[in-house]
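Coordinates from my_file36.txt are shown below (compact mmCIF, C-alpha atoms).
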# COMPACT_ATOMS: atom_id res chain seq x y z
CA MET O 18 93.86 101.54 87.17
CA THR O 19 96.90 103.60 88.04
CA ALA O 20 98.67 104.04 91.29
CA ARG O 21 101.17 106.53 92.55
CA SER O 22 103.28 107.03 95.60
CA VAL O 23 103.97 110.28 97.34
CA PRO O 24 107.38 111.70 98.16
CA GLY O 25 108.91 110.28 101.28
CA ASP O 26 107.73 106.73 100.75
CA GLY O 27 110.83 105.28 102.32
CA LEU O 28 112.68 104.42 99.18
CA GLY O 29 114.91 107.45 98.92
CA SER O 30 115.00 109.91 96.08
CA PRO O 31 114.87 107.38 93.19
CA SER O 32 111.36 106.41 94.24
CA VAL O 33 109.88 109.86 94.40
CA GLY O 34 107.20 110.14 91.79
CA ARG O 35 107.28 106.46 90.96
CA LEU O 36 103.92 104.88 90.44
CA GLY O 37 102.44 103.06 93.42
CA LEU O 38 103.74 99.54 93.76
CA GLY O 39 104.46 99.39 90.06
CA GLY O 40 108.00 100.04 89.02
CA ALA O 41 109.65 97.80 91.58
CA PRO O 42 113.01 96.51 90.35
CA ALA O 43 112.76 93.31 88.34
CA GLY O 44 113.14 90.28 90.56
CA ALA O 45 112.40 92.23 93.72
CA VAL O 46 109.84 91.46 96.39
CA THR O 47 107.89 94.48 97.59
CA VAL O 48 107.55 94.51 101.37
CA LEU O 49 104.58 96.61 102.37
CA TYR O 50 104.65 97.67 106.01
CA ASP O 51 103.42 100.37 108.33
CA ARG O 52 105.75 99.84 111.26
CA LEU O 53 109.31 98.55 111.19
CA ARG O 54 109.10 95.97 113.94
CA ALA O 55 111.55 93.20 114.78
CA GLU O 56 109.73 90.91 112.33
CA GLU O 57 110.06 93.30 109.40
CA ARG O 58 113.76 93.86 110.11
CA LEU O 59 114.33 90.11 110.28
CA LEU O 60 112.49 89.64 107.00
CA LEU O 61 114.55 92.33 105.25
CA ASP O 62 117.72 90.63 106.52
CA ALA O 63 116.40 87.27 105.31
CA PHE O 64 115.77 88.56 101.80
CA GLU O 65 119.29 89.98 101.75
CA ARG O 66 120.72 86.63 102.82
CA ILE O 67 119.04 84.80 99.96
CA GLY O 68 119.98 87.49 97.48
CA VAL O 69 116.50 88.73 96.65
CA PRO O 70 116.24 92.52 96.33
CA VAL O 71 113.51 94.20 98.33
CA ASP O 72 111.41 97.20 97.46
CA GLU O 73 110.39 98.63 100.85
CA ARG O 74 107.07 100.47 100.90
CA TYR O 75 105.80 102.41 103.89
CA ALA O 76 102.06 101.86 103.64
CA PRO O 77 100.91 105.16 105.19
CA ASN O 78 102.61 107.03 102.34
CA VAL O 79 101.28 104.87 99.51
CA THR O 80 98.37 106.29 97.55
CA PHE O 81 96.39 104.83 94.69
CA GLU O 82 94.60 106.62 91.95
CA LEU O 83 92.03 104.29 90.53
CA GLY O 84 90.61 104.17 87.05
CA GLY O 85 93.56 105.40 84.99
CA GLY O 86 94.00 102.19 83.04
CA ALA O 87 97.78 101.88 83.42
CA ASN O 88 98.27 98.67 85.32
CA GLU O 89 100.82 96.96 83.09
CA ASP O 90 103.66 97.36 85.58
CA TRP O 91 102.01 95.19 88.21
CA SER O 92 101.87 91.77 86.67
CA GLY O 93 104.60 89.48 87.85
CA GLN O 94 105.21 91.52 90.98
CA VAL O 95 105.20 89.87 94.38
CA VAL O 96 104.09 91.87 97.41
CA LEU O 97 104.59 90.71 100.99
CA GLU O 98 101.96 92.53 103.03
CA ARG O 99 103.17 93.14 106.61
CA CYS O 100 100.94 95.91 107.93
CA THR O 101 99.97 95.93 111.60
CA SER O 102 96.84 97.77 110.53
CA GLN O 103 94.52 95.18 109.11
CA VAL O 104 92.37 97.82 107.44
CA LYS O 105 95.33 99.32 105.56
CA GLY O 106 96.82 95.93 104.76
CA LEU O 107 93.60 94.55 103.37
CA ALA O 108 92.87 97.63 101.28
CA LEU O 109 96.35 97.68 99.78
CA SER O 110 96.29 93.94 99.23
CA ARG O 111 93.03 94.23 97.31
CA LEU O 112 94.28 97.07 95.12
CA ALA O 113 97.65 95.49 94.41
CA THR O 114 95.94 92.21 93.51
CA ALA O 115 93.52 94.05 91.23
CA CYS O 116 96.54 95.57 89.48
CA GLY O 117 97.98 92.13 88.79
CA ALA O 118 100.42 91.63 91.66
CA THR O 119 100.69 88.41 93.65
CA VAL O 120 100.12 89.46 97.24
CA ILE O 121 101.09 87.39 100.25
CA ASN O 122 98.70 86.90 101.80
CA ALA O 123 95.88 87.19 99.29
CA PRO O 124 93.16 89.68 100.17
CA ASP O 125 90.54 86.97 100.61
CA VAL O 126 92.83 85.26 103.10
CA ILE O 127 93.35 88.50 105.03
CA ALA O 128 89.62 89.17 105.05
CA THR O 129 88.89 85.68 106.34
CA CYS O 130 91.62 85.54 108.96
CA GLY O 131 91.04 89.11 110.10
CA ASP O 132 87.47 88.39 111.12
CA LYS O 133 87.03 85.62 113.69
CA ALA O 134 83.49 84.91 112.56
CA ALA O 135 84.69 84.51 108.98
CA THR O 136 87.53 82.29 110.14
CA SER O 137 85.17 80.09 112.11
CA ALA O 138 82.82 79.85 109.14
CA ALA O 139 85.66 78.80 106.84
CA LEU O 140 86.97 76.25 109.32
CA ALA O 141 83.50 74.81 109.90
CA ARG O 142 82.85 74.57 106.17
CA ALA O 143 86.08 72.61 105.78
CA GLY O 144 85.35 70.34 108.73
CA VAL O 145 88.35 71.56 110.73
CA PRO O 146 87.91 70.85 114.45
CA THR O 147 87.38 73.99 116.52
CA PRO O 148 85.87 74.91 119.86
CA ARG O 149 82.09 75.20 119.66
CA THR O 150 81.45 78.71 118.43
CA GLY O 151 78.52 80.95 117.58
CA ILE O 152 77.53 84.53 117.04
CA ALA O 153 74.66 86.63 118.33
CA PHE O 154 73.63 90.22 117.82
CA ASP O 155 71.85 91.14 121.01
CA LEU O 156 71.71 90.21 124.68
CA GLU O 157 68.80 87.82 124.35
CA GLY O 158 70.53 85.92 121.56
CA ALA O 159 73.83 85.94 123.41
CA LEU O 160 72.28 84.52 126.58
CA ALA O 161 70.52 81.77 124.65
CA LEU O 162 73.77 80.89 122.88
CA CYS O 163 75.71 80.87 126.15
CA ASP O 164 73.18 78.50 127.66
CA ARG O 165 73.79 76.11 124.79
CA LEU O 166 77.60 76.46 124.94
CA GLY O 167 77.63 76.20 128.75
CA TYR O 168 79.41 78.52 131.17
CA PRO O 169 82.05 79.78 131.30
CA VAL O 170 82.04 81.13 127.76
CA VAL O 171 84.63 83.19 125.95
CA LEU O 172 83.59 86.40 124.24
CA LYS O 173 85.98 87.81 121.64
CA PRO O 174 85.91 90.81 119.35
CA VAL O 175 85.68 89.60 115.75
CA VAL O 176 88.55 91.94 114.85
CA GLY O 177 91.58 92.08 117.10
CA SER O 178 94.68 90.29 118.21
CA TRP O 179 97.03 89.78 121.11
CA GLY O 180 94.20 88.79 123.44
CA ARG O 181 92.71 92.26 123.47
CA MET O 182 89.18 92.48 124.86
CA VAL O 183 88.88 88.71 125.14
CA SER O 184 86.63 87.92 128.09
CA ARG O 185 85.89 84.75 130.00
CA LEU O 186 82.35 85.10 131.27
CA SER O 187 81.29 82.88 134.14
CA ASP O 188 77.56 83.50 134.18
CA ALA O 189 74.61 85.37 132.64
CA ASP O 190 75.27 88.44 134.79
CA ALA O 191 78.74 88.79 133.33
CA VAL O 192 77.39 88.34 129.79
CA GLU O 193 74.78 91.02 130.41
CA ALA O 194 77.40 93.48 131.71
CA VAL O 195 79.87 93.01 128.86
CA VAL O 196 77.22 93.06 126.14
CA GLU O 197 75.84 96.31 127.55
CA HIS O 198 79.32 97.83 127.61
CA LYS O 199 79.88 96.76 124.02
CA ALA O 200 76.56 98.24 122.95
CA VAL O 201 77.35 101.59 124.56
CA LEU O 202 81.09 101.88 123.95
CA GLY O 203 81.91 99.57 121.08
CA GLY O 204 82.38 100.35 117.41
CA ALA O 205 80.86 98.63 114.42
CA ASP O 206 82.81 95.40 114.86
CA HIS O 207 81.38 94.96 118.35
CA LYS O 208 77.88 94.57 116.99
CA VAL O 209 78.77 90.93 116.33
CA LEU O 210 78.96 88.97 119.58
CA TYR O 211 81.41 86.15 118.93
CA LEU O 212 81.04 83.49 121.61
CA GLN O 213 83.02 80.35 122.09
CA GLU O 214 83.06 77.44 124.45
CA HIS O 215 85.78 77.72 127.07
CA VAL O 216 88.20 74.88 126.41
CA VAL O 217 90.06 73.64 129.45
CA LYS O 218 93.62 73.47 128.19
CA PRO O 219 96.76 72.18 129.92
CA GLY O 220 98.07 75.65 130.77
CA ARG O 221 99.30 76.16 127.26
CA ASP O 222 98.33 76.35 123.63
CA ILE O 223 100.21 75.76 120.39
CA ARG O 224 101.25 78.25 117.75
CA ALA O 225 102.16 76.54 114.46
CA PHE O 226 103.67 78.21 111.41
CA VAL O 227 102.66 76.97 107.99
CA ALA O 228 103.45 77.75 104.38
CA SER O 229 100.43 76.52 102.47
CA ASP O 230 100.24 76.45 98.71
CA ALA O 231 97.74 74.76 96.45
CA THR O 232 100.55 73.40 94.26
CA SER O 233 103.32 72.54 96.69
CA GLY O 234 101.13 71.58 99.64
CA ASP O 235 101.32 72.47 103.31
CA ASP O 236 104.64 72.82 105.11
CA VAL O 237 104.16 73.14 108.86
CA PHE O 238 107.71 74.27 109.46
CA ALA O 239 107.73 75.24 113.15
CA ALA O 240 105.60 75.15 116.27
CA ILE O 241 105.83 76.41 119.82
CA TYR O 242 103.98 75.88 123.06
CA ARG O 243 102.82 79.05 124.78
CA ALA O 244 102.41 78.49 128.52
CA SER O 245 100.94 80.83 131.07
CA ASP O 246 99.25 80.82 134.43
CA HIS O 247 96.73 83.15 132.84
CA TRP O 248 93.94 81.56 130.85
CA ILE O 249 94.96 83.67 127.84
CA THR O 250 98.19 82.09 126.60
CA ASN O 251 99.45 84.78 124.26
CA THR O 252 103.10 85.80 124.09
CA ALA O 253 101.95 89.41 123.84
CA ARG O 254 100.59 88.88 127.35
CA GLY O 255 103.69 87.23 128.72
CA ALA O 256 103.25 83.56 127.89
CA VAL O 257 106.45 81.51 128.02
CA THR O 258 107.44 79.70 124.86
CA SER O 259 108.99 76.28 124.39
CA PRO O 260 109.50 74.03 121.37
CA CYS O 261 106.56 71.94 120.22
CA PRO O 262 107.06 68.90 118.01
CA VAL O 263 105.21 68.99 114.71
CA THR O 264 103.38 65.71 115.03
CA ASP O 265 101.38 64.17 112.22
CA GLU O 266 98.17 65.17 114.02
CA LEU O 267 99.32 68.78 114.38
CA ALA O 268 100.53 68.99 110.79
CA ASP O 269 97.24 67.57 109.56
CA VAL O 270 94.97 69.94 111.49
CA VAL O 271 97.13 72.99 110.79
CA GLY O 272 97.37 72.18 107.10
CA ARG O 273 93.62 71.74 106.87
CA ALA O 274 93.06 75.04 108.67
CA ALA O 275 95.45 76.82 106.33
CA ARG O 276 93.73 75.44 103.27
CA ALA O 277 90.32 76.31 104.72
CA VAL O 278 91.18 80.01 104.79
CA GLY O 279 92.85 80.03 101.39
CA GLY O 280 96.47 79.18 102.12
CA GLY O 281 99.56 81.35 102.29
CA LEU O 282 101.92 82.14 105.13
CA LEU O 283 99.95 81.64 108.30
CA ALA O 284 100.27 81.15 112.04
CA VAL O 285 97.64 78.80 113.38
CA ASP O 286 96.70 78.73 117.06
CA VAL O 287 95.64 75.35 118.38
CA VAL O 288 94.48 74.08 121.76
CA GLU O 289 94.79 70.59 123.13
CA SER O 290 91.48 69.24 124.39
CA ASP O 291 89.83 65.98 125.33
CA ARG O 292 88.42 66.03 121.78
CA GLY O 293 91.90 66.30 120.29
CA LEU O 294 93.48 69.37 118.71
CA LEU O 295 91.13 72.28 118.09
CA VAL O 296 91.95 75.27 115.91
CA VAL O 297 91.20 78.55 117.63
CA GLU O 298 92.62 81.17 115.31
CA VAL O 299 94.47 81.63 112.01
CA ASN O 300 96.74 84.67 111.75
CA HIS O 301 97.63 86.16 108.39
CA THR O 302 100.48 88.51 109.43
CA MET O 303 102.45 86.17 111.61
CA GLU O 304 104.61 87.45 114.42
CA PHE O 305 107.59 85.23 115.08
CA ARG O 306 110.26 87.14 117.00
CA ASN O 307 109.73 84.94 120.07
CA SER O 308 109.68 81.70 118.10
CA ILE O 309 113.00 81.66 116.24
CA ASP O 310 115.41 80.86 119.05
CA VAL O 311 113.04 78.48 120.79
CA THR O 312 112.42 76.40 117.66
CA GLY O 313 115.80 76.81 116.03
CA VAL O 314 113.94 77.40 112.76
CA ASP O 315 114.84 80.27 110.48
CA ILE O 316 111.24 81.50 110.26
CA PRO O 317 112.00 84.77 108.44
CA GLY O 318 114.12 82.79 106.00
CA ARG O 319 111.22 80.44 105.31
CA VAL O 320 108.91 83.41 104.75
CA ALA O 321 111.42 85.03 102.40
CA ARG O 322 111.84 81.81 100.41
CA PHE O 323 108.07 81.43 100.07
CA ALA O 324 107.85 84.94 98.63
CA ALA O 325 110.89 84.44 96.39
CA GLU O 326 109.38 81.24 95.00
CA ARG O 327 106.39 83.30 93.81
CA LEU O 328 108.87 85.41 91.86
CA GLY O 329 110.21 82.28 90.26
CA VAL O 330 113.54 82.73 92.04
CA MET Q 25 127.44 101.77 122.71
CA VAL Q 26 126.71 104.94 120.79
CA ASP Q 27 128.17 105.09 117.29
CA ALA Q 28 130.62 107.99 116.92
CA ARG Q 29 128.63 109.18 113.91
CA SER Q 30 125.42 109.40 115.95
CA VAL Q 31 123.50 112.60 116.24
CA SER Q 32 120.73 113.60 118.63
CA VAL Q 33 117.58 115.22 117.33
CA ALA Q 34 114.73 116.76 119.28
CA THR Q 35 111.38 115.23 118.38
CA GLY Q 36 108.94 117.18 120.48
CA PHE Q 37 108.67 114.14 122.75
CA GLY Q 38 112.33 114.17 123.82
CA SER Q 39 115.51 113.53 121.88
CA VAL Q 40 116.48 110.48 119.87
CA THR Q 41 119.94 109.41 118.80
CA PHE Q 42 120.72 107.74 115.49
CA VAL Q 43 123.29 107.49 112.74
CA PRO Q 44 122.44 109.92 109.93
CA GLY Q 45 121.28 108.17 106.79
CA SER Q 46 120.33 105.00 108.61
CA VAL Q 47 116.79 105.96 109.55
CA ARG Q 48 113.87 104.25 107.83
CA LEU Q 49 110.21 105.07 107.65
CA GLY Q 50 108.19 103.31 110.29
CA GLU Q 51 111.24 102.87 112.52
CA LEU Q 52 110.62 103.10 116.24
CA PHE Q 53 112.75 104.99 118.75
CA VAL Q 54 112.47 105.62 122.46
CA THR Q 55 113.32 109.20 123.34
CA ASP Q 56 115.40 110.23 126.32
CA ASP Q 57 112.09 111.13 127.95
CA GLY Q 58 110.94 107.53 127.55
CA VAL Q 59 108.38 108.19 124.84
CA GLU Q 60 108.13 105.78 121.91
CA VAL Q 61 108.14 107.65 118.62
CA GLU Q 62 108.11 106.50 115.01
CA VAL Q 63 109.55 107.97 111.85
CA VAL Q 64 106.68 109.12 109.66
CA ARG Q 65 108.61 111.19 107.09
CA LEU Q 66 112.20 111.32 105.93
CA GLU Q 67 112.28 114.68 104.13
CA PRO Q 68 112.13 116.52 106.41
CA LEU Q 69 112.79 113.97 109.10
CA THR Q 70 109.59 113.86 111.15
CA PHE Q 71 108.70 111.85 114.23
CA ALA Q 72 105.26 111.20 115.67
CA GLU Q 73 104.33 109.66 118.97
CA ALA Q 74 103.89 105.94 118.32
CA PRO Q 75 100.55 104.55 119.43
CA GLU Q 76 100.80 101.41 121.53
CA GLU Q 77 97.95 99.79 119.67
CA ASP Q 78 94.89 100.45 117.58
CA GLU Q 79 91.66 98.57 117.23
CA ASP Q 80 92.47 97.03 113.86
CA TRP Q 81 96.06 96.16 114.68
CA GLY Q 82 97.02 92.56 114.92
CA GLU Q 83 98.44 89.51 113.28
Would you give me this structure, written as structure tokens?
Amino acid sequence: MTARSVPGDGLGSPSVGRLGLGGAPAGAVTVLYDRLRAEERLLLDAFERIGVPVDERYAPNVTFELGGGANEDWSGQVVLERCTSQVKGLALSRLATACGATVINAPDVIATCGDKAATSAALARAGVPTPRTGIAFDLEGALALCDRLGYPVVLKPVVGSWGRMVSRLSDADAVEAVVEHKAVLGGADHKVLYLQEHVVKPGRDIRAFVASDATSGDDVFAAIYRASDHWITNTARGAVTSPCPVTDELADVVGRAARAVGGGLLAVDVVESDRGLLVVEVNHTMEFRNSIDVTGVDIPGRVARFAAERLGV
Amino acid sequence: MVDARSVSVATGFGSVTFVPGSVRLGELFVTDDGVEVEVVRLEPLTFAEAPEEDEDWGE
């Protein structure tokens, strides 16, 4: 398997013509991104602070040529995958892993976290508490499932973030309308109707950040409350953040959730309920710009150290 | 404050101002017309209108 990059891959003239992700400087972490957001800038600064060189790769300009048999440059390399596009990130993660690189997060983790049905299946298999959840494929099945879950129900796209297209449906009429819209307008991912019990939460949820490793264990290193008058408590939709203590209960449930999806650097969303803490979502490309000041935790620094440790630094 | 070394470049969506040599791929700018653009190529320097979101974007 060989890989190559095209000119203009963001590395300046020395990189032109270099092979794919292979050829990164020894001891460097490759940061693979498709948009230089606040998080990526903070991560690059964090690597600089700890003295770890970074090989920046602009994902849209990376190309792979498969089947050439020259994959020797990849072993020992560490890639931090930071694409906003899940499709690009997963594809590149799979190919880089196949070429011998250690990718954070691993492709199986991305695939699991990037699909809410897969996440729910992994959490259920591991016995992690979650809201009651199910899937259906047509209106009849959806209505039957909603009757069992009880109204209101929450309908989410299996792929998507930031609260996009998340609907709270109060009755069968609403379910019928949204399912019809999905059938007519939706793409392939909307063929799976992901339905969840509506958990009455105290006007907030919890976002916890965890570094989970099979060898070193789970480090839940920061957490925030996200409060909003809206029932969707996402900072992308204006929720207000405040520090959340990492209690033993929170650390336990977040660590179990992280292990259930395969570990790595993850942001776990949790709701408080009368049944205790319930895991709603596990995010594989954590956003943290709104969580650094409020927690006082150097989140990009923790991410950079996790990646550097995989280099043996 | 604008750096004295800054230059303005027309993007097709308005002008952006930056310090030559400091631009990175994937970097976002807001033009003087209020349009968000991103750097998609360095040689030659090329900007494209930055989408606000896409279906597979997320965390």
Using all atoms listed in the file, which chain Q residues lie at most 12 Å away from chain O, written as a list in words?
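Taken together, these residues fit the definition: Gly45, Ser46, Val47, Arg48, Leu49, Gly50, Glu51, Leu52, Phe53, Val61, Glu62, Val63, Val64, Arg65, Leu66, Glu67, Pro68, Leu69, Thr70, Ala74, Pro75, Glu76, Glu77, Asp78, Glu79, Asp80, Trp81, Gly82 and Glu83 of chain Q.
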Selection: 10 Å around Thr136 (chain O), all atoms listed in the file, excl. self and same-chain fewer than 4 positions, as a ChimeraX atom specification:
/O:126-132,140-142,175,274,277-278,297-300
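Relative to CA of Ser137 (chain O), CA of Ala200 (chain O) is found at 22.8 Å.
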Please define a box with edges along x, y and z of the file around all atoms of region 46-61 of chain Q given in the file, extend it by 5 Å on each side, and return its centre and edge lengths in Å to one decimal, as JSON.
{"center_x": 114.2, "center_y": 107.0, "center_z": 117.8, "size_x": 22.2, "size_y": 18.3, "size_z": 30.3}
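If you look at CA of Leu60 (chain O) and CA of Gly58 (chain Q), they are 27.3 Å away from each other.
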Long-range neighbours of Ala228 (chain O) as a ChimeraX atom specification, 7 Å cut-off, only C-alpha atoms, 3 positions minimum in chain
/O:235-237,281-283
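Within 6 Å of the file-frame point (122.0, 108.7, 116.4), and using only C-alpha atoms, the polymer residues found are Ser30, Val31, Ser32, Thr41, Phe42 and Val43 of chain Q.
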For region 222-224 of chain O, list every protein, DNA or RNA residue within 6 Å, evaluated using all atoms listed in the file, and leave out those in the same chain fewer than 5 positions away; present the list as a list of chain:residue names.
O:Ala240, O:Ile241, O:Tyr242, O:Arg243, O:Val285, O:Asp286, O:Val287, O:Val288
Please return region 190-223 of chain O, rebuilt to N, CA and C atoms, as a PDB file, in the frame of the given file.
ATOM      1  N   ASP O 190      75.064  87.054 134.353  1.00  0.00           N
ATOM      2  CA  ASP O 190      75.270  88.440 134.790  1.00  0.00           C
ATOM      3  C   ASP O 190      76.481  89.052 134.091  1.00  0.00           C
ATOM      4  N   ALA O 191      77.526  88.291 133.983  1.00  0.00           N
ATOM      5  CA  ALA O 191      78.740  88.790 133.330  1.00  0.00           C
ATOM      6  C   ALA O 191      78.466  89.053 131.844  1.00  0.00           C
ATOM      7  N   VAL O 192      77.736  88.153 131.204  1.00  0.00           N
ATOM      8  CA  VAL O 192      77.390  88.340 129.790  1.00  0.00           C
ATOM      9  C   VAL O 192      76.597  89.639 129.625  1.00  0.00           C
ATOM     10  N   GLU O 193      75.625  89.825 130.499  1.00  0.00           N
ATOM     11  CA  GLU O 193      74.780  91.020 130.410  1.00  0.00           C
ATOM     12  C   GLU O 193      75.629  92.291 130.542  1.00  0.00           C
ATOM     13  N   ALA O 194      76.564  92.289 131.489  1.00  0.00           N
ATOM     14  CA  ALA O 194      77.400  93.480 131.710  1.00  0.00           C
ATOM     15  C   ALA O 194      78.272  93.784 130.499  1.00  0.00           C
ATOM     16  N   VAL O 195      78.937  92.763 129.965  1.00  0.00           N
ATOM     17  CA  VAL O 195      79.870  93.010 128.860  1.00  0.00           C
ATOM     18  C   VAL O 195      79.101  93.378 127.587  1.00  0.00           C
ATOM     19  N   VAL O 196      77.991  92.723 127.346  1.00  0.00           N
ATOM     20  CA  VAL O 196      77.220  93.060 126.140  1.00  0.00           C
ATOM     21  C   VAL O 196      76.699  94.488 126.224  1.00  0.00           C
ATOM     22  N   GLU O 197      76.287  94.923 127.406  1.00  0.00           N
ATOM     23  CA  GLU O 197      75.840  96.310 127.550  1.00  0.00           C
ATOM     24  C   GLU O 197      76.993  97.281 127.303  1.00  0.00           C
ATOM     25  N   HIS O 198      78.156  96.965 127.855  1.00  0.00           N
ATOM     26  CA  HIS O 198      79.320  97.830 127.610  1.00  0.00           C
ATOM     27  C   HIS O 198      79.638  97.901 126.116  1.00  0.00           C
ATOM     28  N   LYS O 199      79.585  96.763 125.455  1.00  0.00           N
ATOM     29  CA  LYS O 199      79.880  96.760 124.020  1.00  0.00           C
ATOM     30  C   LYS O 199      78.870  97.617 123.261  1.00  0.00           C
ATOM     31  N   ALA O 200      77.601  97.496 123.657  1.00  0.00           N
ATOM     32  CA  ALA O 200      76.560  98.240 122.950  1.00  0.00           C
ATOM     33  C   ALA O 200      76.767  99.747 123.105  1.00  0.00           C
ATOM     34  N   VAL O 201      77.212 100.157 124.290  1.00  0.00           N
ATOM     35  CA  VAL O 201      77.350 101.590 124.560  1.00  0.00           C
ATOM     36  C   VAL O 201      78.685 102.133 124.037  1.00  0.00           C
ATOM     37  N   LEU O 202      79.748 101.368 124.227  1.00  0.00           N
ATOM     38  CA  LEU O 202      81.090 101.880 123.950  1.00  0.00           C
ATOM     39  C   LEU O 202      81.685 101.373 122.648  1.00  0.00           C
ATOM     40  N   GLY O 203      81.237 100.241 122.176  1.00  0.00           N
ATOM     41  CA  GLY O 203      81.910  99.570 121.080  1.00  0.00           C
ATOM     42  C   GLY O 203      81.654 100.197 119.729  1.00  0.00           C
ATOM     43  N   GLY O 204      82.548  99.907 118.783  1.00  0.00           N
ATOM     44  CA  GLY O 204      82.380 100.350 117.410  1.00  0.00           C
ATOM     45  C   GLY O 204      81.606  99.321 116.611  1.00  0.00           C
ATOM     46  N   ALA O 205      81.668  99.466 115.298  1.00  0.00           N
ATOM     47  CA  ALA O 205      80.860  98.630 114.420  1.00  0.00           C
ATOM     48  C   ALA O 205      81.158  97.143 114.599  1.00  0.00           C
ATOM     49  N   ASP O 206      82.449  96.812 114.765  1.00  0.00           N
ATOM     50  CA  ASP O 206      82.810  95.400 114.860  1.00  0.00           C
ATOM     51  C   ASP O 206      82.238  94.738 116.115  1.00  0.00           C
ATOM     52  N   HIS O 207      81.899  95.542 117.110  1.00  0.00           N
ATOM     53  CA  HIS O 207      81.380  94.960 118.350  1.00  0.00           C
ATOM     54  C   HIS O 207      79.890  94.663 118.284  1.00  0.00           C
ATOM     55  N   LYS O 208      79.296  94.928 117.149  1.00  0.00           N
ATOM     56  CA  LYS O 208      77.880  94.570 116.990  1.00  0.00           C
ATOM     57  C   LYS O 208      77.709  93.068 116.804  1.00  0.00           C
ATOM     58  N   VAL O 209      78.799  92.388 116.431  1.00  0.00           N
ATOM     59  CA  VAL O 209      78.770  90.930 116.330  1.00  0.00           C
ATOM     60  C   VAL O 209      79.331  90.364 117.629  1.00  0.00           C
ATOM     61  N   LEU O 210      78.514  89.589 118.324  1.00  0.00           N
ATOM     62  CA  LEU O 210      78.960  88.970 119.580  1.00  0.00           C
ATOM     63  C   LEU O 210      79.440  87.563 119.263  1.00  0.00           C
ATOM     64  N   TYR O 211      80.759  87.412 119.310  1.00  0.00           N
ATOM     65  CA  TYR O 211      81.410  86.150 118.930  1.00  0.00           C
ATOM     66  C   TYR O 211      81.668  85.374 120.216  1.00  0.00           C
ATOM     67  N   LEU O 212      80.990  84.268 120.365  1.00  0.00           N
ATOM     68  CA  LEU O 212      81.040  83.490 121.610  1.00  0.00           C
ATOM     69  C   LEU O 212      81.563  82.095 121.334  1.00  0.00           C
ATOM     70  N   GLN O 213      82.353  81.629 122.285  1.00  0.00           N
ATOM     71  CA  GLN O 213      83.020  80.350 122.090  1.00  0.00           C
ATOM     72  C   GLN O 213      83.025  79.570 123.395  1.00  0.00           C
ATOM     73  N   GLU O 214      82.932  78.276 123.259  1.00  0.00           N
ATOM     74  CA  GLU O 214      83.060  77.440 124.450  1.00  0.00           C
ATOM     75  C   GLU O 214      84.427  77.664 125.071  1.00  0.00           C
ATOM     76  N   HIS O 215      84.491  77.622 126.384  1.00  0.00           N
ATOM     77  CA  HIS O 215      85.780  77.720 127.070  1.00  0.00           C
ATOM     78  C   HIS O 215      86.392  76.333 127.121  1.00  0.00           C
ATOM     79  N   VAL O 216      87.516  76.182 126.445  1.00  0.00           N
ATOM     80  CA  VAL O 216      88.200  74.880 126.410  1.00  0.00           C
ATOM     81  C   VAL O 216      89.204  74.833 127.558  1.00  0.00           C
ATOM     82  N   VAL O 217      89.091  73.819 128.374  1.00  0.00           N
ATOM     83  CA  VAL O 217      90.060  73.640 129.450  1.00  0.00           C
ATOM     84  C   VAL O 217      91.333  73.070 128.825  1.00  0.00           C
ATOM     85  N   LYS O 218      92.379  73.888 128.835  1.00  0.00           N
ATOM     86  CA  LYS O 218      93.620  73.470 128.190  1.00  0.00           C
ATOM     87  C   LYS O 218      94.695  73.265 129.252  1.00  0.00           C
ATOM     88  N   PRO O 219      95.736  72.534 128.899  1.00  0.00           N
ATOM     89  CA  PRO O 219      96.760  72.180 129.920  1.00  0.00           C
ATOM     90  C   PRO O 219      97.728  73.316 130.206  1.00  0.00           C
ATOM     91  N   GLY O 220      97.218  74.512 130.444  1.00  0.00           N
ATOM     92  CA  GLY O 220      98.070  75.650 130.770  1.00  0.00           C
ATOM     93  C   GLY O 220      98.902  76.144 129.614  1.00  0.00           C
ATOM     94  N   ARG O 221      98.523  75.750 128.420  1.00  0.00           N
ATOM     95  CA  ARG O 221      99.300  76.160 127.260  1.00  0.00           C
ATOM     96  C   ARG O 221      98.439  76.006 126.009  1.00  0.00           C
ATOM     97  N   ASP O 222      98.881  76.665 124.949  1.00  0.00           N
ATOM     98  CA  ASP O 222      98.330  76.350 123.630  1.00  0.00           C
ATOM     99  C   ASP O 222      99.495  76.192 122.665  1.00  0.00           C
ATOM    100  N   ILE O 223      99.178  76.006 121.415  1.00  0.00           N
ATOM    101  CA  ILE O 223     100.210  75.760 120.390  1.00  0.00           C
ATOM    102  C   ILE O 223     100.072  76.813 119.311  1.00  0.00           C
TER     103      ILE O 223
END
